[in-house]
>>> print(open('my_file-v2.cif').read())   # mmCIF, C-alpha atoms and all ligand atoms
data_target
loop_
_atom_site.group_PDB
_atom_site.id
_atom_site.type_symbol
_atom_site.label_atom_id
_atom_site.label_comp_id
_atom_site.auth_asym_id
_atom_site.auth_seq_id
_atom_site.Cartn_x
_atom_site.Cartn_y
_atom_site.Cartn_z
ATOM 1 C CA MET A 1 40.495 79.975 -45.997
ATOM 2 C CA ILE A 2 39.098 76.995 -44.122
ATOM 3 C CA GLU A 3 35.366 76.378 -44.584
ATOM 4 C CA GLU A 4 33.467 74.445 -41.939
ATOM 5 C CA ALA A 5 29.871 73.511 -41.145
ATOM 6 C CA LYS A 6 28.369 71.540 -38.275
ATOM 7 C CA ARG A 7 25.338 69.307 -38.177
ATOM 8 C CA GLY A 8 24.748 67.687 -34.808
ATOM 9 C CA ARG A 9 27.996 65.916 -33.952
ATOM 10 C CA TYR A 10 29.128 65.851 -37.567
ATOM 11 C CA LEU A 11 31.496 68.343 -39.153
ATOM 12 C CA VAL A 12 32.340 69.112 -42.769
ATOM 13 C CA SER A 13 35.671 70.879 -43.074
ATOM 14 C CA THR A 14 38.178 71.869 -45.743
ATOM 15 C CA ASP A 15 40.954 71.981 -43.136
ATOM 16 C CA ARG A 16 43.770 69.865 -44.618
ATOM 17 C CA ALA A 17 45.227 69.293 -41.160
ATOM 18 C CA ARG A 18 42.179 67.204 -40.262
ATOM 19 C CA LEU A 19 42.454 64.818 -43.205
ATOM 20 C CA ASP A 20 43.140 61.213 -42.236
ATOM 21 C CA VAL A 21 44.997 60.146 -45.359
ATOM 22 C CA ALA A 22 45.247 56.527 -44.234
ATOM 23 C CA ALA A 23 41.487 56.287 -43.720
ATOM 24 C CA ILE A 24 40.735 57.938 -47.068
ATOM 25 C CA TRP A 25 43.185 55.674 -48.874
ATOM 26 C CA THR A 26 41.774 52.580 -47.144
ATOM 27 C CA TYR A 27 38.301 53.444 -48.423
ATOM 28 C CA LEU A 28 39.224 54.628 -51.907
ATOM 29 C CA SER A 29 41.582 51.767 -52.691
ATOM 30 C CA LYS A 30 38.638 49.367 -52.273
ATOM 31 C CA SER A 31 35.994 51.524 -53.987
ATOM 32 C CA TYR A 32 34.555 50.630 -57.410
ATOM 33 C CA TRP A 33 36.057 53.724 -59.050
ATOM 34 C CA ALA A 34 39.494 53.945 -57.412
ATOM 35 C CA GLU A 35 40.262 50.314 -56.714
ATOM 36 C CA GLY A 36 43.988 49.795 -56.447
ATOM 37 C CA ARG A 37 44.863 53.511 -56.255
ATOM 38 C CA SER A 38 48.149 53.695 -54.359
ATOM 39 C CA ARG A 39 48.586 55.622 -51.152
ATOM 40 C CA ALA A 40 51.099 57.896 -52.907
ATOM 41 C CA GLN A 41 48.530 58.665 -55.627
ATOM 42 C CA VAL A 42 45.893 59.437 -53.002
ATOM 43 C CA GLU A 43 48.283 61.717 -51.103
ATOM 44 C CA LYS A 44 49.237 63.602 -54.254
ATOM 45 C CA SER A 45 45.604 63.932 -55.370
ATOM 46 C CA LEU A 46 44.638 65.393 -51.995
ATOM 47 C CA ARG A 47 47.515 67.871 -52.098
ATOM 48 C CA TYR A 48 46.338 69.359 -55.408
ATOM 49 C CA SER A 49 42.583 69.329 -54.751
ATOM 50 C CA VAL A 50 40.050 71.095 -52.579
ATOM 51 C CA CYS A 51 39.236 68.434 -49.981
ATOM 52 C CA PHE A 52 36.033 68.251 -47.959
ATOM 53 C CA GLY A 53 36.274 65.895 -44.999
ATOM 54 C CA LEU A 54 33.241 64.623 -43.107
ATOM 55 C CA TYR A 55 34.068 63.968 -39.447
ATOM 56 C CA LEU A 56 32.490 62.557 -36.332
ATOM 57 C CA GLY A 57 34.780 63.856 -33.634
ATOM 58 C CA ARG A 58 38.223 63.298 -35.129
ATOM 59 C CA ALA A 59 37.153 60.242 -37.120
ATOM 60 C CA GLN A 60 37.046 60.558 -40.909
ATOM 61 C CA VAL A 61 33.607 59.205 -41.840
ATOM 62 C CA GLY A 62 33.308 60.670 -45.322
ATOM 63 C CA PHE A 63 35.066 62.633 -47.998
ATOM 64 C CA ALA A 64 34.680 64.578 -51.251
ATOM 65 C CA ARG A 65 37.310 66.103 -53.503
ATOM 66 C CA VAL A 66 37.164 68.865 -56.115
ATOM 67 C CA VAL A 67 39.743 69.282 -58.871
ATOM 68 C CA THR A 68 39.486 72.875 -60.046
ATOM 69 C CA ASP A 69 40.979 76.117 -61.348
ATOM 70 C CA TYR A 70 38.515 78.000 -59.071
ATOM 71 C CA ALA A 71 37.117 79.965 -62.026
ATOM 72 C CA THR A 72 36.008 78.033 -65.067
ATOM 73 C CA THR A 73 35.814 74.360 -64.244
ATOM 74 C CA ALA A 74 35.517 71.893 -61.379
ATOM 75 C CA TYR A 75 35.409 68.118 -61.240
ATOM 76 C CA LEU A 76 33.746 66.518 -58.207
ATOM 77 C CA CYS A 77 35.061 63.087 -57.298
ATOM 78 C CA ASP A 78 35.937 60.552 -54.582
ATOM 79 C CA VAL A 79 32.653 61.177 -52.752
ATOM 80 C CA TYR A 80 31.850 58.685 -49.994
ATOM 81 C CA VAL A 81 30.229 58.263 -46.598
ATOM 82 C CA LEU A 82 31.248 55.214 -44.577
ATOM 83 C CA PRO A 83 28.492 52.533 -44.648
ATOM 84 C CA GLU A 84 27.716 52.812 -40.921
ATOM 85 C CA HIS A 85 26.932 56.533 -41.377
ATOM 86 C CA GLN A 86 24.954 56.265 -44.611
ATOM 87 C CA GLY A 87 21.231 56.915 -44.993
ATOM 88 C CA LYS A 88 21.165 59.863 -42.563
ATOM 89 C CA GLY A 89 21.373 62.646 -45.107
ATOM 90 C CA LEU A 90 25.112 63.087 -44.659
ATOM 91 C CA GLY A 91 26.025 62.416 -48.292
ATOM 92 C CA ARG A 92 23.529 64.990 -49.413
ATOM 93 C CA TRP A 93 24.816 67.468 -46.822
ATOM 94 C CA LEU A 94 28.412 66.857 -47.865
ATOM 95 C CA VAL A 95 27.637 67.569 -51.540
ATOM 96 C CA GLU A 96 25.577 70.586 -50.453
ATOM 97 C CA ARG A 97 28.583 72.002 -48.576
ATOM 98 C CA VAL A 98 30.788 71.438 -51.625
ATOM 99 C CA MET A 99 28.346 73.267 -53.890
ATOM 100 C CA ALA A 100 27.985 76.092 -51.329
ATOM 101 C CA SER A 101 31.731 76.574 -50.968
ATOM 102 C CA LYS A 102 32.807 80.220 -51.044
ATOM 103 C CA ALA A 103 36.135 79.287 -52.604
ATOM 104 C CA LEU A 104 34.337 77.620 -55.509
ATOM 105 C CA LYS A 105 31.639 80.236 -55.950
ATOM 106 C CA GLY A 106 31.318 81.322 -59.549
ATOM 107 C CA VAL A 107 32.929 78.234 -61.073
ATOM 108 C CA LYS A 108 31.183 77.971 -64.433
ATOM 109 C CA SER A 109 31.203 74.306 -65.274
ATOM 110 C CA TRP A 110 30.954 71.328 -62.913
ATOM 111 C CA SER A 111 31.249 67.697 -63.894
ATOM 112 C CA LEU A 112 31.390 64.292 -62.233
ATOM 113 C CA ARG A 113 31.066 60.614 -63.007
ATOM 114 C CA THR A 114 28.913 58.163 -61.097
ATOM 115 C CA ARG A 115 27.711 54.591 -61.491
ATOM 116 C CA ASP A 116 24.440 54.815 -59.555
ATOM 117 C CA ALA A 117 24.186 58.015 -57.485
ATOM 118 C CA HIS A 118 22.710 60.202 -60.263
ATOM 119 C CA ASP A 119 19.683 61.111 -58.159
ATOM 120 C CA LEU A 120 21.891 62.430 -55.365
ATOM 121 C CA TYR A 121 23.647 64.835 -57.734
ATOM 122 C CA ARG A 122 20.491 65.717 -59.652
ATOM 123 C CA LYS A 123 19.329 67.527 -56.499
ATOM 124 C CA PHE A 124 22.203 69.965 -57.063
ATOM 125 C CA GLY A 125 21.515 70.609 -60.720
ATOM 126 C CA PHE A 126 23.708 67.929 -62.294
ATOM 127 C CA ALA A 127 22.246 66.168 -65.337
ATOM 128 C CA GLU A 128 23.362 63.613 -67.892
ATOM 129 C CA ILE A 129 25.592 64.947 -70.659
ATOM 130 C CA THR A 130 23.480 65.931 -73.662
ATOM 131 C CA ASP A 131 26.359 66.452 -76.052
ATOM 132 C CA PRO A 132 28.575 63.397 -75.632
ATOM 133 C CA GLU A 133 29.891 63.912 -79.156
ATOM 134 C CA ARG A 134 31.743 66.954 -77.848
ATOM 135 C CA TRP A 135 33.405 65.122 -74.969
ATOM 136 C CA MET A 136 36.527 63.027 -75.160
ATOM 137 C CA LYS A 137 38.401 61.089 -72.505
ATOM 138 C CA ARG A 138 41.535 59.046 -72.280
HETATM 139 C C1 LIG B 201 26.493 57.949 -52.305
HETATM 140 C C2 LIG B 201 26.709 58.230 -50.814
HETATM 141 C C3 LIG B 201 27.853 59.214 -50.650
HETATM 142 C C4 LIG B 201 25.425 58.860 -50.254
HETATM 143 O O1 LIG B 201 25.621 59.116 -48.888
HETATM 144 P P1 LIG B 201 24.451 58.885 -47.805
HETATM 145 O O2 LIG B 201 24.845 59.601 -46.571
HETATM 146 O O3 LIG B 201 24.156 57.458 -47.692
HETATM 147 O O4 LIG B 201 23.253 59.612 -48.561
HETATM 148 P P2 LIG B 201 22.046 60.459 -47.956
HETATM 149 O O5 LIG B 201 21.527 59.791 -46.726
HETATM 150 O O6 LIG B 201 22.436 61.879 -47.863
HETATM 151 O O7 LIG B 201 20.987 60.299 -49.129
HETATM 152 C C5 LIG B 201 21.352 60.664 -50.447
HETATM 153 C C6 LIG B 201 20.162 60.885 -51.304
HETATM 154 O O8 LIG B 201 20.539 60.498 -52.629
HETATM 155 C C7 LIG B 201 19.794 59.365 -53.033
HETATM 156 N N1 LIG B 201 20.666 58.443 -53.774
HETATM 157 C C8 LIG B 201 20.631 58.287 -55.080
HETATM 158 N N2 LIG B 201 21.525 57.404 -55.485
HETATM 159 C C9 LIG B 201 22.163 56.969 -54.394
HETATM 160 C C10 LIG B 201 23.200 56.019 -54.163
HETATM 161 N N3 LIG B 201 23.761 55.346 -55.151
HETATM 162 N N4 LIG B 201 23.604 55.830 -52.909
HETATM 163 C C11 LIG B 201 23.043 56.511 -51.906
HETATM 164 N N5 LIG B 201 22.052 57.409 -52.050
HETATM 165 C C12 LIG B 201 21.618 57.631 -53.300
HETATM 166 C C13 LIG B 201 19.187 58.793 -51.756
HETATM 167 O O9 LIG B 201 18.029 58.084 -52.054
HETATM 168 C C14 LIG B 201 18.939 60.054 -50.961
HETATM 169 O O10 LIG B 201 17.810 60.725 -51.437
HETATM 170 P P3 LIG B 201 16.858 61.573 -50.418
HETATM 171 O O11 LIG B 201 17.740 62.671 -49.849
HETATM 172 O O12 LIG B 201 15.776 62.085 -51.307
HETATM 173 O O13 LIG B 201 16.410 60.600 -49.377
HETATM 174 C C15 LIG B 201 26.975 56.930 -50.007
HETATM 175 O O14 LIG B 201 25.891 56.054 -50.150
HETATM 176 C C16 LIG B 201 28.251 56.219 -50.393
HETATM 177 O O15 LIG B 201 29.320 56.526 -49.892
HETATM 178 N N6 LIG B 201 28.137 55.231 -51.296
HETATM 179 C C17 LIG B 201 29.273 54.438 -51.693
HETATM 180 C C18 LIG B 201 30.277 55.248 -52.453
HETATM 181 C C19 LIG B 201 29.690 55.899 -53.671
HETATM 182 O O16 LIG B 201 29.003 55.254 -54.475
HETATM 183 N N7 LIG B 201 29.984 57.199 -53.833
HETATM 184 C C20 LIG B 201 29.493 58.001 -54.937
HETATM 185 C C21 LIG B 201 30.464 57.947 -56.046
HETATM 186 S S1 LIG B 201 29.894 58.986 -57.379
#
>>> encode(input="my_file-v2.cif", output="C-alpha cells")
Amino acid sequence: MIEEAKRGRYLVSTDRARLDVAAIWTYLSKSYWAEGRSRAQVEKSLRYSVCFGLYLGRAQVGFARVVTDYATTAYLCDVYVLPEHQGKGLGRWLVERVMASKALKGVKSWSLRTRDAHDLYRKFGFAEITDPERWMKR
C-alpha cells in the first residue's frame, strides 16, 4: 500500500514508481556516510527497503529508507533533504512520516546512526545506546 502526505507543494510518498534513482545515487554517493556507494548498490538497497521520497513536483528533493522485517526491527538510514530545501522543517516532517507509517506500525525496535543530527531524531524518541556492550557490528 502506498502511503502519501502533502505539505504545501511538497509530497512524501512511498510510491516506488516515483523514485528518481539517479538523483538519490548522486546525493548518496557524495554523502559522508555512503561516499562511493555504487549505483547498483543503491538500486539494490532501494529494492529491498521501504523508501520514503520527498518531492517538489516530480523532483526528488529528499529521501529516507527503512530496512525492516515489519514486525520486530527497523533501521532508518540514508536520510537527506537537498541543501536548497533544508531549514524549512522538511527533514523533521520526513522523519515524522516515516515514524507514522502504517506499514511500520508496531515495529518494536528502531535504530539509526548519525554523525550530528541526534537532536532531529531525539524528537521522535531516539536516544543514545545505553548498552553498547551488548551491540556488535562488522
Ligand atoms: C538532517 C537533515 C535531513 C535535516 O533536514 P532539514 O529539512 O534541514 O531539517 P528541518 O528544517 O526539518 O529541521 C530539523 C530539526 O532538527 C535539528 N537538527 C539537529 N541536528 C541537525 C543536523 N545535523 N542537520 C539539520 N538539522 C538538525 C534542527 O535544528 C531542527 O530543529 P527544530 O525543528 O527544533 O528547528 C538535512 O539537514 C540534511 O539532509 N543534512 C545532510 C544529510 C544528513 O546529515 N542526513 C542525516 C544523516 S543521519
>>> resolve_selection(input="my_file-v2.cif", expression="the PyMOL selection byres (((chain A and resi 60) around 10) and not hetatm)", output="list in words")
Leu11, Val12, Arg18, Leu19, Asp20, Val21, Ala22, Ala23, Ile24, Gly53, Leu54, Tyr55, Leu56, Gly57, Arg58, Ala59, Val61, Gly62, Phe63, Val81 and Leu82 of chain A
>>> residues_near_ligand(input="my_file-v2.cif", ligand="ligand LIG 201 (chain B)", cutoff="8 Å", atoms="only C-alpha atoms and all ligand atoms", output="PyMOL selection string")
chain A and resi 31-33+62+77-83+85-94+112-121
>>> closest_residue(input="my_file-v2.cif", among="A:Ala40, A:Cys51, A:Ile129, A:Met99", to="Ser13 (chain A)", atoms="only C-alpha atoms")
A:Cys51
>>> atom_distance(input="my_file-v2.cif", atom1="CA of Gln41 (chain A)", atom2="CA of Tyr75 (chain A)")
17.1 Å
>>> residues_near_point(input="my_file-v2.cif", point="(46.4, 67.8, -49.5)", cutoff="10 Å", atoms="only C-alpha atoms", output="ChimeraX atom specification")
/A:14-17,19,21,42-51
>>> write_last_selection(input="my_file-v2.cif", atoms="C-alpha atoms", output="JSON list (two decimals), in the frame of the given file")
[["chain", "number", "residue", "atom", "x", "y", "z"],
["A", 14, "THR", "CA", 38.18, 71.87, -45.74],
["A", 15, "ASP", "CA", 40.95, 71.98, -43.14],
["A", 16, "ARG", "CA", 43.77, 69.86, -44.62],
["A", 17, "ALA", "CA", 45.23, 69.29, -41.16],
["A", 19, "LEU", "CA", 42.45, 64.82, -43.20],
["A", 21, "VAL", "CA", 45.00, 60.15, -45.36],
["A", 42, "VAL", "CA", 45.89, 59.44, -53.00],
["A", 43, "GLU", "CA", 48.28, 61.72, -51.10],
["A", 44, "LYS", "CA", 49.24, 63.60, -54.25],
["A", 45, "SER", "CA", 45.60, 63.93, -55.37],
["A", 46, "LEU", "CA", 44.64, 65.39, -52.00],
["A", 47, "ARG", "CA", 47.52, 67.87, -52.10],
["A", 48, "TYR", "CA", 46.34, 69.36, -55.41],
["A", 49, "SER", "CA", 42.58, 69.33, -54.75],
["A", 50, "VAL", "CA", 40.05, 71.10, -52.58],
["A", 51, "CYS", "CA", 39.24, 68.43, -49.98]]
>>> atom_distance(input="my_file-v2.cif", atom1="CA of Ala103 (chain A)", atom2="CA of Ala127 (chain A)")
23.0 Å
>>> axis_aligned_box(input="my_file-v2.cif", around="region 53-57 of chain A", padding_each_side="6 Å", output="AutoDock Vina command-line options")
--center_x 34.4 --center_y 64.2 --center_z -39.3 --size_x 15.8 --size_y 15.3 --size_z 23.4
>>> residues_around(input="my_file-v2.cif", residues="Asp69 (chain A)", least_positions_apart="3", cutoff="10 Å", atoms="all atoms listed in the file", output="JSON, numbers by chain")
{"A": [49, 66, 72, 73, 74, 75, 104, 107]}
>>> closest_residue(input="my_file-v2.cif", among="A:Phe124, A:Arg39, A:Arg97, A:Ala34", to="Lys6 (chain A)", atoms="all atoms listed in the file")
A:Arg97
>>> atom_distance(input="my_file-v2.cif", atom1="CA of Tyr70 (chain A)", atom2="CA of Asp131 (chain A)")
23.9 Å
>>> closest_residue(input="my_file-v2.cif", among="A:Trp110, A:Phe126, A:Trp25, A:Phe52", to="Glu3 (chain A)", atoms="all atoms listed in the file")
A:Phe52
>>> decode(input="my_file-v2.cif", residues="region 33-79 of chain A", atoms="N, CA and C atoms", output="mmCIF file, in the first residue's frame")
data_model
loop_
_atom_site.group_PDB
_atom_site.id
_atom_site.type_symbol
_atom_site.label_atom_id
_atom_site.label_comp_id
_atom_site.auth_asym_id
_atom_site.auth_seq_id
_atom_site.Cartn_x
_atom_site.Cartn_y
_atom_site.Cartn_z
ATOM 1 N N TRP A 33 28.256 9.383 4.750
ATOM 2 C CA TRP A 33 28.072 8.002 5.212
ATOM 3 C C TRP A 33 28.036 6.984 4.072
ATOM 4 N N ALA A 34 27.761 7.433 2.847
ATOM 5 C CA ALA A 34 27.644 6.452 1.753
ATOM 6 C C ALA A 34 28.560 6.805 0.587
ATOM 7 N N GLU A 35 29.598 7.560 0.899
ATOM 8 C CA GLU A 35 30.506 8.008 -0.160
ATOM 9 C C GLU A 35 31.034 6.810 -0.960
ATOM 10 N N GLY A 36 30.909 6.896 -2.250
ATOM 11 C CA GLY A 36 31.441 5.841 -3.102
ATOM 12 C C GLY A 36 30.488 4.677 -3.323
ATOM 13 N N ARG A 37 29.310 4.704 -2.700
ATOM 14 C CA ARG A 37 28.339 3.615 -2.918
ATOM 15 C C ARG A 37 27.989 3.583 -4.402
ATOM 16 N N SER A 38 28.019 2.411 -5.001
ATOM 17 C CA SER A 38 27.787 2.331 -6.450
ATOM 18 C C SER A 38 26.299 2.477 -6.765
ATOM 19 N N ARG A 39 26.019 2.792 -8.000
ATOM 20 C CA ARG A 39 24.618 2.922 -8.399
ATOM 21 C C ARG A 39 23.900 1.583 -8.263
ATOM 22 N N ALA A 40 24.601 0.488 -8.579
ATOM 23 C CA ALA A 40 23.992 -0.842 -8.447
ATOM 24 C C ALA A 40 23.655 -1.136 -6.986
ATOM 25 N N GLN A 41 24.539 -0.750 -6.077
ATOM 26 C CA GLN A 41 24.270 -0.955 -4.639
ATOM 27 C C GLN A 41 23.057 -0.140 -4.205
ATOM 28 N N VAL A 42 22.994 1.105 -4.681
ATOM 29 C CA VAL A 42 21.853 1.960 -4.317
ATOM 30 C C VAL A 42 20.562 1.342 -4.849
ATOM 31 N N GLU A 43 20.576 0.911 -6.093
ATOM 32 C CA GLU A 43 19.370 0.316 -6.694
ATOM 33 C C GLU A 43 18.909 -0.898 -5.898
ATOM 34 N N LYS A 44 19.858 -1.760 -5.554
ATOM 35 C CA LYS A 44 19.511 -2.976 -4.813
ATOM 36 C C LYS A 44 18.978 -2.625 -3.431
ATOM 37 N N SER A 45 19.615 -1.646 -2.773
ATOM 38 C CA SER A 45 19.177 -1.259 -1.424
ATOM 39 C C SER A 45 17.757 -0.691 -1.459
ATOM 40 N N LEU A 46 17.431 0.037 -2.503
ATOM 41 C CA LEU A 46 16.082 0.607 -2.607
ATOM 42 C C LEU A 46 15.055 -0.518 -2.818
ATOM 43 N N ARG A 47 15.433 -1.491 -3.628
ATOM 44 C CA ARG A 47 14.517 -2.581 -3.955
ATOM 45 C C ARG A 47 14.092 -3.339 -2.703
ATOM 46 N N TYR A 48 14.999 -3.492 -1.737
ATOM 47 C CA TYR A 48 14.714 -4.313 -0.561
ATOM 48 C C TYR A 48 14.429 -3.490 0.696
ATOM 49 N N SER A 49 14.075 -2.226 0.512
ATOM 50 C CA SER A 49 13.777 -1.355 1.652
ATOM 51 C C SER A 49 12.425 -0.685 1.467
ATOM 52 N N VAL A 50 11.918 -0.116 2.552
ATOM 53 C CA VAL A 50 10.761 0.772 2.449
ATOM 54 C C VAL A 50 11.338 2.160 2.187
ATOM 55 N N CYS A 51 10.972 2.748 1.050
ATOM 56 C CA CYS A 51 11.579 4.022 0.641
ATOM 57 C C CYS A 51 10.568 5.156 0.763
ATOM 58 N N PHE A 52 11.010 6.229 1.385
ATOM 59 C CA PHE A 52 10.180 7.434 1.524
ATOM 60 C C PHE A 52 10.841 8.549 0.718
ATOM 61 N N GLY A 53 10.202 8.929 -0.384
ATOM 62 C CA GLY A 53 10.736 10.018 -1.193
ATOM 63 C C GLY A 53 10.086 11.327 -0.791
ATOM 64 N N LEU A 54 10.889 12.393 -0.823
ATOM 65 C CA LEU A 54 10.355 13.750 -0.618
ATOM 66 C C LEU A 54 10.434 14.447 -1.974
ATOM 67 N N TYR A 55 9.288 14.972 -2.434
ATOM 68 C CA TYR A 55 9.216 15.529 -3.786
ATOM 69 C C TYR A 55 8.670 16.946 -3.801
ATOM 70 N N LEU A 56 9.185 17.719 -4.738
ATOM 71 C CA LEU A 56 8.586 19.009 -5.083
ATOM 72 C C LEU A 56 8.222 18.867 -6.550
ATOM 73 N N GLY A 57 6.921 18.744 -6.817
ATOM 74 C CA GLY A 57 6.518 18.336 -8.162
ATOM 75 C C GLY A 57 7.039 16.933 -8.387
ATOM 76 N N ARG A 58 7.759 16.731 -9.498
ATOM 77 C CA ARG A 58 8.322 15.399 -9.748
ATOM 78 C C ARG A 58 9.757 15.292 -9.259
ATOM 79 N N ALA A 59 10.311 16.427 -8.815
ATOM 80 C CA ALA A 59 11.733 16.447 -8.438
ATOM 81 C C ALA A 59 11.970 15.816 -7.074
ATOM 82 N N GLN A 60 12.949 14.917 -7.032
ATOM 83 C CA GLN A 60 13.346 14.259 -5.778
ATOM 84 C C GLN A 60 14.175 15.241 -4.963
ATOM 85 N N VAL A 61 13.636 15.742 -3.859
ATOM 86 C CA VAL A 61 14.380 16.732 -3.068
ATOM 87 C C VAL A 61 14.803 16.174 -1.712
ATOM 88 N N GLY A 62 14.415 14.940 -1.424
ATOM 89 C CA GLY A 62 14.832 14.311 -0.187
ATOM 90 C C GLY A 62 14.486 12.837 -0.211
ATOM 91 N N PHE A 63 14.958 12.147 0.839
ATOM 92 C CA PHE A 63 14.804 10.695 0.829
ATOM 93 C C PHE A 63 15.048 10.132 2.221
ATOM 94 N N ALA A 64 14.423 9.014 2.527
ATOM 95 C CA ALA A 64 14.718 8.238 3.739
ATOM 96 C C ALA A 64 14.401 6.779 3.429
ATOM 97 N N ARG A 65 15.146 5.892 4.058
ATOM 98 C CA ARG A 65 14.997 4.465 3.750
ATOM 99 C C ARG A 65 14.938 3.685 5.056
ATOM 100 N N VAL A 66 14.064 2.661 5.082
ATOM 101 C CA VAL A 66 13.939 1.820 6.271
ATOM 102 C C VAL A 66 14.168 0.360 5.884
ATOM 103 N N VAL A 67 15.132 -0.252 6.554
ATOM 104 C CA VAL A 67 15.401 -1.682 6.374
ATOM 105 C C VAL A 67 14.673 -2.386 7.513
ATOM 106 N N THR A 68 13.774 -3.303 7.174
ATOM 107 C CA THR A 68 12.898 -3.837 8.231
ATOM 108 C C THR A 68 12.307 -5.199 7.912
ATOM 109 N N ASP A 69 11.857 -5.877 8.999
ATOM 110 C CA ASP A 69 11.051 -7.100 8.845
ATOM 111 C C ASP A 69 9.573 -6.795 9.117
ATOM 112 N N TYR A 70 9.261 -5.526 9.320
ATOM 113 C CA TYR A 70 7.896 -5.016 9.553
ATOM 114 C C TYR A 70 7.300 -5.441 10.899
ATOM 115 N N ALA A 71 8.047 -6.134 11.728
ATOM 116 C CA ALA A 71 7.473 -6.620 12.986
ATOM 117 C C ALA A 71 8.361 -6.341 14.187
ATOM 118 N N THR A 72 9.615 -6.741 14.100
ATOM 119 C CA THR A 72 10.450 -6.655 15.300
ATOM 120 C C THR A 72 11.504 -5.564 15.236
ATOM 121 N N THR A 73 11.997 -5.272 14.039
ATOM 122 C CA THR A 73 13.122 -4.351 13.975
ATOM 123 C C THR A 73 13.128 -3.517 12.693
ATOM 124 N N ALA A 74 13.629 -2.294 12.831
ATOM 125 C CA ALA A 74 13.729 -1.398 11.674
ATOM 126 C C ALA A 74 14.977 -0.536 11.826
ATOM 127 N N TYR A 75 15.647 -0.322 10.725
ATOM 128 C CA TYR A 75 16.845 0.513 10.715
ATOM 129 C C TYR A 75 16.605 1.669 9.744
ATOM 130 N N LEU A 76 16.652 2.896 10.294
ATOM 131 C CA LEU A 76 16.401 4.093 9.485
ATOM 132 C C LEU A 76 17.732 4.622 8.958
ATOM 133 N N CYS A 77 17.787 4.871 7.654
ATOM 134 C CA CYS A 77 19.079 5.298 7.097
ATOM 135 C C CYS A 77 18.880 6.133 5.820
ATOM 136 N N ASP A 78 19.996 6.636 5.313
ATOM 137 C CA ASP A 78 20.017 7.393 4.047
ATOM 138 C C ASP A 78 19.024 8.557 4.045
ATOM 139 N N VAL A 79 18.945 9.246 5.182
ATOM 140 C CA VAL A 79 18.016 10.378 5.316
ATOM 141 C C VAL A 79 18.698 11.649 4.800
#
